[in-house]
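Asks: Below is structure.txt; it holds compact mmCIF, C-alpha atoms.
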```txt
# COMPACT_ATOMS: atom_id res chain seq x y z
CA MET A 762 123.75 123.79 101.25
CA THR A 763 123.06 120.30 99.94
CA THR A 764 126.80 119.52 100.02
CA LEU A 765 127.08 120.65 103.65
CA THR A 766 124.07 118.51 104.57
CA ASN A 767 125.61 115.47 102.89
CA ILE A 768 128.93 116.03 104.66
CA ALA A 769 127.20 116.35 108.03
CA PHE A 770 125.29 113.14 107.39
CA LEU A 771 128.45 111.26 106.39
CA ILE A 772 130.19 112.41 109.57
CA PHE A 773 127.23 111.22 111.66
CA ALA A 774 127.11 107.88 109.82
CA THR A 775 130.84 107.34 110.38
CA GLN A 776 130.49 108.12 114.10
CA LEU A 777 127.49 105.81 114.31
CA LEU A 778 129.28 102.86 112.73
CA SER A 779 132.30 103.30 115.01
CA ALA A 780 130.16 103.29 118.15
CA GLN A 781 130.20 100.20 120.38
CA LYS A 782 126.42 100.11 120.61
CA ILE A 783 123.81 101.57 118.28
CA ARG A 784 120.14 102.13 119.02
CA VAL A 785 117.55 102.28 116.25
CA THR A 786 114.06 103.41 117.22
CA TYR A 787 111.17 102.17 115.08
CA HIS A 788 107.50 103.08 115.17
CA LEU A 789 105.29 100.00 114.93
CA LYS A 790 101.69 100.01 113.76
CA TYR A 791 99.91 96.66 113.85
CA LYS A 792 96.54 94.95 114.07
CA THR A 793 95.74 92.32 116.66
CA ASP A 794 92.45 91.76 114.80
CA SER A 795 93.02 91.56 111.04
CA LEU A 796 89.32 92.22 110.33
CA GLN A 797 89.37 95.63 112.02
CA SER A 798 90.70 98.84 110.48
CA ALA A 799 92.18 100.25 113.68
CA HIS A 800 95.88 99.81 114.43
CA LYS A 801 97.72 99.67 117.72
CA GLU A 802 100.93 101.68 117.91
CA ASN A 803 104.14 101.28 119.85
CA ASP A 804 107.70 102.60 119.76
CA MET A 805 110.25 99.80 119.57
CA LEU A 806 114.00 99.80 120.24
CA LEU A 807 116.63 97.87 118.32
CA ASP A 808 119.83 97.83 120.37
CA ILE A 809 122.71 96.59 118.22
CA TYR A 810 125.75 95.36 120.16
CA SER A 811 127.65 93.87 117.24
CA SER A 812 127.03 92.35 113.82
CA ASP A 813 125.96 89.16 115.64
CA ALA A 814 124.06 90.45 118.67
CA SER A 815 120.96 92.64 118.98
CA ARG A 816 117.83 93.08 121.09
CA PHE A 817 114.45 94.33 119.82
CA TYR A 818 111.80 95.31 122.37
CA PRO A 819 109.22 97.94 123.36
CA GLU A 820 110.44 101.30 124.60
CA LYS A 821 108.00 100.94 127.53
CA LEU A 822 109.91 97.88 128.75
CA TYR A 823 113.23 99.72 128.43
CA LYS A 824 111.93 102.64 130.53
CA SER A 825 110.58 100.26 133.15
CA ASP A 826 113.80 98.25 133.40
CA SER A 827 115.88 101.44 133.54
CA ILE A 828 113.85 102.69 136.52
CA ARG A 829 114.06 99.33 138.28
CA LYS A 830 117.84 99.21 137.69
CA ASN A 831 118.10 102.49 139.57
CA GLY A 832 116.18 101.09 142.56
CA THR A 833 112.81 102.80 142.08
CA SER A 834 110.76 99.77 140.99
CA GLY A 835 107.61 100.94 142.72
CA GLN A 836 107.14 103.89 140.40
CA TYR A 837 106.77 102.12 137.07
CA TYR A 838 106.67 98.47 136.06
CA SER A 839 106.05 97.02 132.64
CA LEU A 840 105.65 93.48 131.33
CA ASP A 841 105.34 94.66 127.74
CA PHE A 842 107.31 91.99 125.86
CA ASN A 843 105.10 92.40 122.79
CA HIS A 844 107.14 91.54 119.65
CA ALA A 845 110.37 91.36 121.68
CA THR A 846 113.27 89.35 120.23
CA ILE A 847 116.93 88.72 120.98
CA ARG A 848 119.21 87.70 118.15
CA ASN A 849 122.71 86.47 117.65
CA LYS A 850 124.35 84.63 114.78
CA ALA A 851 122.98 81.22 115.78
CA TYR A 852 119.60 81.78 117.44
CA LEU A 853 116.50 83.90 117.73
CA LYS A 854 114.74 84.25 121.08
CA LYS A 855 111.07 85.31 121.03
CA TYR A 856 108.93 86.41 123.95
CA TYR A 857 105.24 85.98 124.73
CA ARG A 858 103.09 87.02 127.69
CA VAL A 859 99.92 85.49 129.13
CA LEU A 860 98.58 87.55 132.05
CA THR A 861 101.65 88.08 134.27
CA ASP A 862 103.71 85.17 132.89
CA VAL A 863 106.42 85.78 130.27
CA TYR A 864 107.66 82.90 128.10
CA GLU A 865 110.81 82.56 126.00
CA ILE A 866 111.18 80.37 122.91
CA THR A 867 114.58 79.84 121.29
CA GLU A 868 114.83 78.98 117.60
CA GLU A 869 117.53 78.85 114.98
CA MET A 870 117.98 82.13 113.17
CA PRO A 871 115.68 81.97 110.13
CA SER A 872 117.18 82.08 106.68
CA LEU A 873 115.31 84.89 104.93
CA GLU A 874 115.16 84.68 101.13
CA TRP A 875 115.05 88.36 100.20
CA LYS A 876 114.50 89.40 96.59
CA ILE A 877 116.19 92.76 96.05
CA SER A 878 114.60 94.87 93.32
CA SER A 879 115.93 97.83 91.35
CA ASP A 880 113.31 100.18 92.85
CA LYS A 881 114.84 103.09 94.71
CA LYS A 882 113.55 106.17 96.51
CA LYS A 883 114.59 108.60 99.19
CA ILE A 884 113.02 108.19 102.63
CA GLY A 885 113.94 111.13 104.83
CA GLU A 886 117.69 111.67 104.33
CA TYR A 887 118.36 108.09 103.26
CA GLU A 888 118.70 106.71 99.73
CA CYS A 889 116.76 103.45 99.89
CA GLN A 890 116.22 100.35 97.79
CA SER A 891 113.38 97.87 98.05
CA ALA A 892 113.34 94.14 98.69
CA THR A 893 110.51 91.65 99.08
CA LEU A 894 110.13 88.60 101.27
CA LYS A 895 107.56 85.85 101.67
CA TYR A 896 107.84 84.43 105.15
CA LYS A 897 105.44 82.38 107.27
CA ASN A 898 102.37 83.24 105.18
CA ARG A 899 102.97 86.98 104.91
CA GLN A 900 104.30 88.97 101.99
CA TRP A 901 106.67 91.77 103.04
CA THR A 902 108.22 94.79 101.35
CA ALA A 903 111.29 96.37 102.95
CA TRP A 904 113.19 99.54 102.13
CA PHE A 905 116.81 99.48 103.24
CA THR A 906 119.69 101.93 102.95
CA GLN A 907 123.33 101.20 102.22
CA ASP A 908 124.08 104.63 103.68
CA ILE A 909 124.03 102.70 106.98
CA PRO A 910 125.70 99.39 106.00
CA ILE A 911 124.37 97.43 108.95
CA SER A 912 122.56 94.20 108.08
CA GLU A 913 119.83 94.72 110.69
CA GLY A 914 116.18 95.66 111.00
CA PRO A 915 113.17 95.36 113.31
CA SER A 916 111.84 92.07 114.67
CA PHE A 917 113.32 89.14 112.70
CA PHE A 918 114.10 91.25 109.61
CA LYS A 919 117.80 91.21 108.78
CA GLY A 920 120.16 89.98 106.09
CA LEU A 921 119.93 92.93 103.68
CA PRO A 922 123.03 94.93 102.66
CA GLY A 923 121.96 97.90 104.76
CA LEU A 924 119.74 98.98 107.64
CA VAL A 925 115.99 98.47 107.16
CA ILE A 926 114.30 101.90 107.19
CA TRP A 927 110.75 100.73 106.55
CA VAL A 928 109.10 97.31 106.28
CA HIS A 929 105.42 96.41 105.96
CA ASP A 930 103.22 93.53 104.85
CA ASP A 931 100.89 93.68 101.87
CA LYS A 932 97.69 93.44 104.00
CA ASN A 933 98.50 96.52 106.09
CA ASN A 934 98.64 94.46 109.28
CA TYR A 935 102.21 95.32 110.33
CA ASP A 936 104.28 98.42 109.59
CA PHE A 937 107.71 99.28 111.05
CA SER A 938 109.21 102.68 110.20
CA LEU A 939 112.45 104.28 111.36
CA LYS A 940 112.18 107.16 113.83
CA LYS A 941 115.80 107.85 114.82
CA LEU A 942 119.29 106.48 115.36
CA THR A 943 121.33 106.94 118.54
CA LYS A 944 124.90 106.04 119.44
CA ASP A 945 124.85 107.09 123.10
CA PHE A 946 122.18 105.75 125.45
CA TYR A 947 121.79 104.40 128.97
CA ASP A 948 121.88 100.59 129.03
CA PRO A 949 120.29 98.85 132.05
CA TYR A 950 121.18 95.37 130.76
CA ASN A 951 124.23 93.18 131.17
CA GLY A 952 124.64 92.16 127.54
CA ILE A 953 121.75 91.49 125.18
CA ASP A 954 119.60 89.36 127.52
CA PHE A 955 116.78 90.77 129.62
CA ASN A 956 117.34 91.10 133.37
CA SER A 957 114.15 89.32 134.42
CA GLU A 958 114.66 86.03 136.27
CA ASN A 959 110.96 85.22 135.96
CA ILE A 960 111.00 84.45 132.23
CA VAL A 961 110.02 80.81 131.64
CA LYS A 962 111.84 78.95 128.87
CA ILE A 963 109.55 76.67 126.86
CA ASN A 964 109.11 75.29 123.34
CA LYS A 965 106.44 76.01 120.73
CA ASP A 966 104.25 73.02 121.60
CA GLN A 967 104.21 74.07 125.24
CA LEU A 968 103.34 77.64 124.30
CA ASN A 969 100.44 76.45 122.17
CA LYS A 970 99.11 74.39 125.11
CA ILE A 971 99.38 77.45 127.36
CA TYR A 972 97.34 79.51 124.88
CA ILE A 973 94.68 76.78 124.57
CA ASN A 974 94.42 76.32 128.34
CA TYR A 975 94.08 80.06 128.83
CA TYR A 976 91.35 80.16 126.18
CA LEU A 977 89.42 77.31 127.81
CA ASP A 978 89.45 78.97 131.24
CA PRO A 979 90.71 82.57 130.98
CA TYR A 980 89.61 83.48 134.52
CA LYS A 981 91.04 80.43 136.26
CA GLU A 982 93.56 82.38 138.32
CA ALA A 983 90.99 85.03 139.23
CA LYS A 984 88.53 82.37 140.43
CA MET A 985 91.32 80.79 142.50
CA GLY A 986 92.21 84.15 144.00
CA LYS A 987 95.73 84.25 142.51
CA ILE A 988 94.90 87.42 140.58
CA LYS A 989 92.61 90.13 141.88
CA MET A 990 90.11 91.42 139.31
CA ASN A 991 87.35 93.96 139.80
CA PHE A 992 84.35 93.80 137.46
CA VAL A 993 81.96 96.71 136.91
CA ASP A 994 78.67 97.08 135.04
CA GLU A 995 77.73 99.68 132.39
CA LYS A 996 77.23 102.31 135.12
CA GLY A 997 80.60 101.67 136.73
CA ASN A 998 79.21 99.84 139.73
CA GLU A 999 81.14 96.87 141.07
CA VAL A 1000 79.61 93.50 140.23
CA LYS A 1001 79.35 91.23 143.27
CA ASN A 1002 77.72 88.13 141.79
CA ILE A 1003 79.99 87.29 138.88
CA ASN A 1004 78.70 85.14 136.04
CA TRP A 1005 81.92 83.34 135.16
CA ASN A 1006 80.36 81.41 132.27
CA GLU A 1007 79.22 84.58 130.53
CA LEU A 1008 82.54 86.33 131.16
CA THR A 1009 84.42 83.32 129.80
CA LYS A 1010 82.33 83.21 126.63
CA ASN A 1011 82.88 86.93 125.98
CA LYS A 1012 86.60 86.65 126.65
CA GLN A 1013 86.93 83.68 124.31
CA GLU A 1014 85.39 85.73 121.50
CA VAL A 1015 87.97 88.47 122.14
CA ILE A 1016 90.83 85.94 122.17
CA LYS A 1017 89.74 84.44 118.85
CA ARG A 1018 89.50 87.86 117.21
CA ASN A 1019 92.89 88.99 118.47
CA ASN A 1020 94.79 86.18 116.80
CA ASN A 1021 96.95 87.93 114.22
CA PRO A 1022 100.63 87.19 115.00
CA ILE A 1023 103.39 88.72 112.91
CA GLU A 1024 104.34 85.18 111.84
CA LEU A 1025 100.96 84.29 110.41
CA SER A 1026 101.64 80.57 110.25
CA ASP A 1027 101.77 80.62 114.06
CA VAL A 1028 98.06 81.42 114.38
CA VAL A 1029 96.64 79.48 117.34
CA LYS A 1030 93.90 77.05 116.34
CA TYR A 1031 91.42 77.49 119.18
CA PRO A 1032 88.60 74.94 119.72
```
Any chance you could give the structure as structure tokens?
Replies:
Amino acid sequence: MTTLTNIAFLIFATQLLSAQKIRVTYHLKYKTDSLQSAHKENDMLLDIYSSDASRFYPEKLYKSDSIRKNGTSGQYYSLDFNHATIRNKAYLKKYYRVLTDVYEITEEMPSLEWKISSDKKKIGEYECQSATLKYKNRQWTAWFTQDIPISEGPSFFKGLPGLVIWVHDDKNNYDFSLKKLTKDFYDPYNGIDFNSENIVKINKDQLNKIYINYYLDPYKEAKMGKIKMNFVDEKGNEVKNINWNELTKNKQEVIKRNNNPIELSDVVKYP
């Protein structure tokens, strides 16, 4: 029985590697506030087009873009670019959202200095080996498998001699684990880039200024009438006379707490 299982797996792996495009689904658990015990959770897709081209993004965004591609945009619309990246051999594109605005930053692909250990264990049906990485003020442990000899993984994690099955940091702030692999899937995109024409290309300094300005006046667009917001009290009644100063102070406290990016050195230094 074990032999038949191994043969079936090898056949699947061979078919997977010969496919033009491969999709790896990861489950992400993460903390926006490092001082809290609760995690947020999201399913993420890694679409691999070649050894030099891949896109990592939330499944919610994929579903939304698939529906819009088929002409039914009114039914479901997502701006969930949380932890989204696009990678090729030369660059890494990262995406950030503030309210309804999505920003793109392009960087050189980072050179990750993995330290592969001799530790091995089986995770699901995969024989895995561990590797560690210190990168941008976080310490990471990854488990990869050479059963799938693809040098890819979630987010910016790549460069190991096999697919990353599980990777997490030592503070339990971020955890990516493999859910499934797929070789046939609907693709609403023309290549690895997102379809949206509304993505604004900026640099890191500009992004930091955007975050600071949003922190200083988080309800600016609502006060100007550009975004419609309804505020209710503890009983669910709509508030007519809005105390913008109090709302701003409360929102600033939330923004400061939820300041736990995956690249910890990129923490925004709010006033």
Asks: Place a sphere of radius 12 Å on (112.6, 101.9, 89.4) in the file coordinates and name every protein, DNA or RNA residue with an atom inside or on its surface, counting only C-alpha atoms; give the answer as a ChimeraX atom specification.
Replies: /A:877-882,889-891
Asks: For Lys790 in chain A, work out the shell of residues within 8 Å, counting only C-alpha atoms and skipping chain neighbours fewer than 4 positions away, then give it as a count of residues only.
Replies: 8
Asks: Compare A:Arg829, A:Ser795, A:Pro819, A:Ile988 by their minimum atom-to-atom distance to Arg1018 in chain A, counting only C-alpha atoms, and give me the closest one.
Replies: A:Ser795
Asks: So how many Å separate CA of Val785 in chain A and CA of Leu806 in chain A, to one decimal?
Replies: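 Between these atoms lies a distance of 5.9 Å.
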Asks: Please produce, as a tab-separated table, a per-residue contact table for range 926-953 of chain A versus range 913-921 of chain A (criterion: any atom at most 12 Å away, only C-alpha atoms considered), showing the nearest atom pair and its distance in Å to one decimal, sorted by chain then residue number.
Replies:
```
residue	atom	partner	partner_atom	distance
A:Ile926	CA	A:Gly914	CA	7.5
A:Trp927	CA	A:Gly914	CA	8.7
A:Val928	CA	A:Pro915	CA	8.4
A:His929	CA	A:Pro915	CA	10.7
A:Tyr935	CA	A:Ser916	CA	11.1
A:Asp936	CA	A:Pro915	CA	10.1
A:Phe937	CA	A:Pro915	CA	7.1
A:Ser938	CA	A:Pro915	CA	8.9
A:Leu939	CA	A:Pro915	CA	9.2
A:Lys940	CA	A:Pro915	CA	11.9
```
Asks: Restricting the calculation to all atoms listed in the file, which member of A:Tyr823, A:Tyr896, A:Tyr787, A:Tyr887 is positioned closest to Asp930 in chain A?
Replies: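 Answer, going by the shortest atom-to-atom distance: A:Tyr896.
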Asks: Choose the residue, out of A:Leu1008, A:Met805, A:Leu894, A:Leu860, that has the smallest atom-to-atom separation from Leu789 in chain A; count all atoms listed in the file.
Replies: A:Met805
Asks: Please report the interatomic distance between CA of Ile953 in chain A and CA of Pro1022 in chain A in Å with one decimal.
Replies: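 Calculated distance between CA of Ile953 in chain A and CA of Pro1022 in chain A is 23.8 Å.
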Asks: Pick out the residues sitting within 8 Å of Thr846 in chain A, and hand them over as a VMD selection string; count all atoms listed in the file, and ignore anything fewer than 5 positions along from it in its own chain.
Replies: chain A and resid 816 to 818 853 to 856 916 to 917
Asks: Which polymer residues have any atom within 9 Å of an atom of Lys830 in chain A, counting all atoms listed in the file, with same-chain residues fewer than 5 positions away left out, as a PDB file with C-alpha atoms, in the frame of the given file?
Replies:
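Ended up saving to around_19.pdb:
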```pdb
ATOM      1  CA  SER A 825     110.580 100.260 133.150  1.00  0.00           C
ATOM      2  CA  PRO A 949     120.290  98.850 132.050  1.00  0.00           C
ATOM      3  CA  TYR A 950     121.180  95.370 130.760  1.00  0.00           C
TER       4      TYR A 950
END
```
Asks: Excluding Leu822 in chain A and its own-chain neighbours fewer than 4 positions away, which residues fall within 7 Å of it when counting only C-alpha atoms? Please give them as a count of residues only.
Replies: 4
Asks: Show me, as number ranges by chain, the residues that have an atom within 12 Å of Glu958 in chain A when counting all atoms listed in the file, minus same-chain residues fewer than 2 positions from it.
Replies: A: 862-865, 954-956, 960-962
Asks: Work out how far apart CA of Met985 in chain A and CA of Arg858 in chain A are and give it in Å to one decimal.
Replies: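 Computed distance, CA of Met985 in chain A to CA of Arg858 in chain A, equals 19.9 Å.
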Asks: Which is closer to Asn898 in chain A than all the others in A:Ile1023, A:Pro922, A:Gly832, A:Lys1030, using only C-alpha atoms?
Replies: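 Checking each of A:Ile1023, A:Pro922, A:Gly832, A:Lys1030 against Asn898 in chain A, counting only C-alpha atoms, the winner is A:Ile1023.
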Asks: Counting all atoms listed in the file, which of A:Ala903, A:Leu873, A:Ile1003, A:Leu942 gets nearest to Asn991 in chain A?
Replies: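 Nearest to Asn991 in chain A: A:Ile1003.
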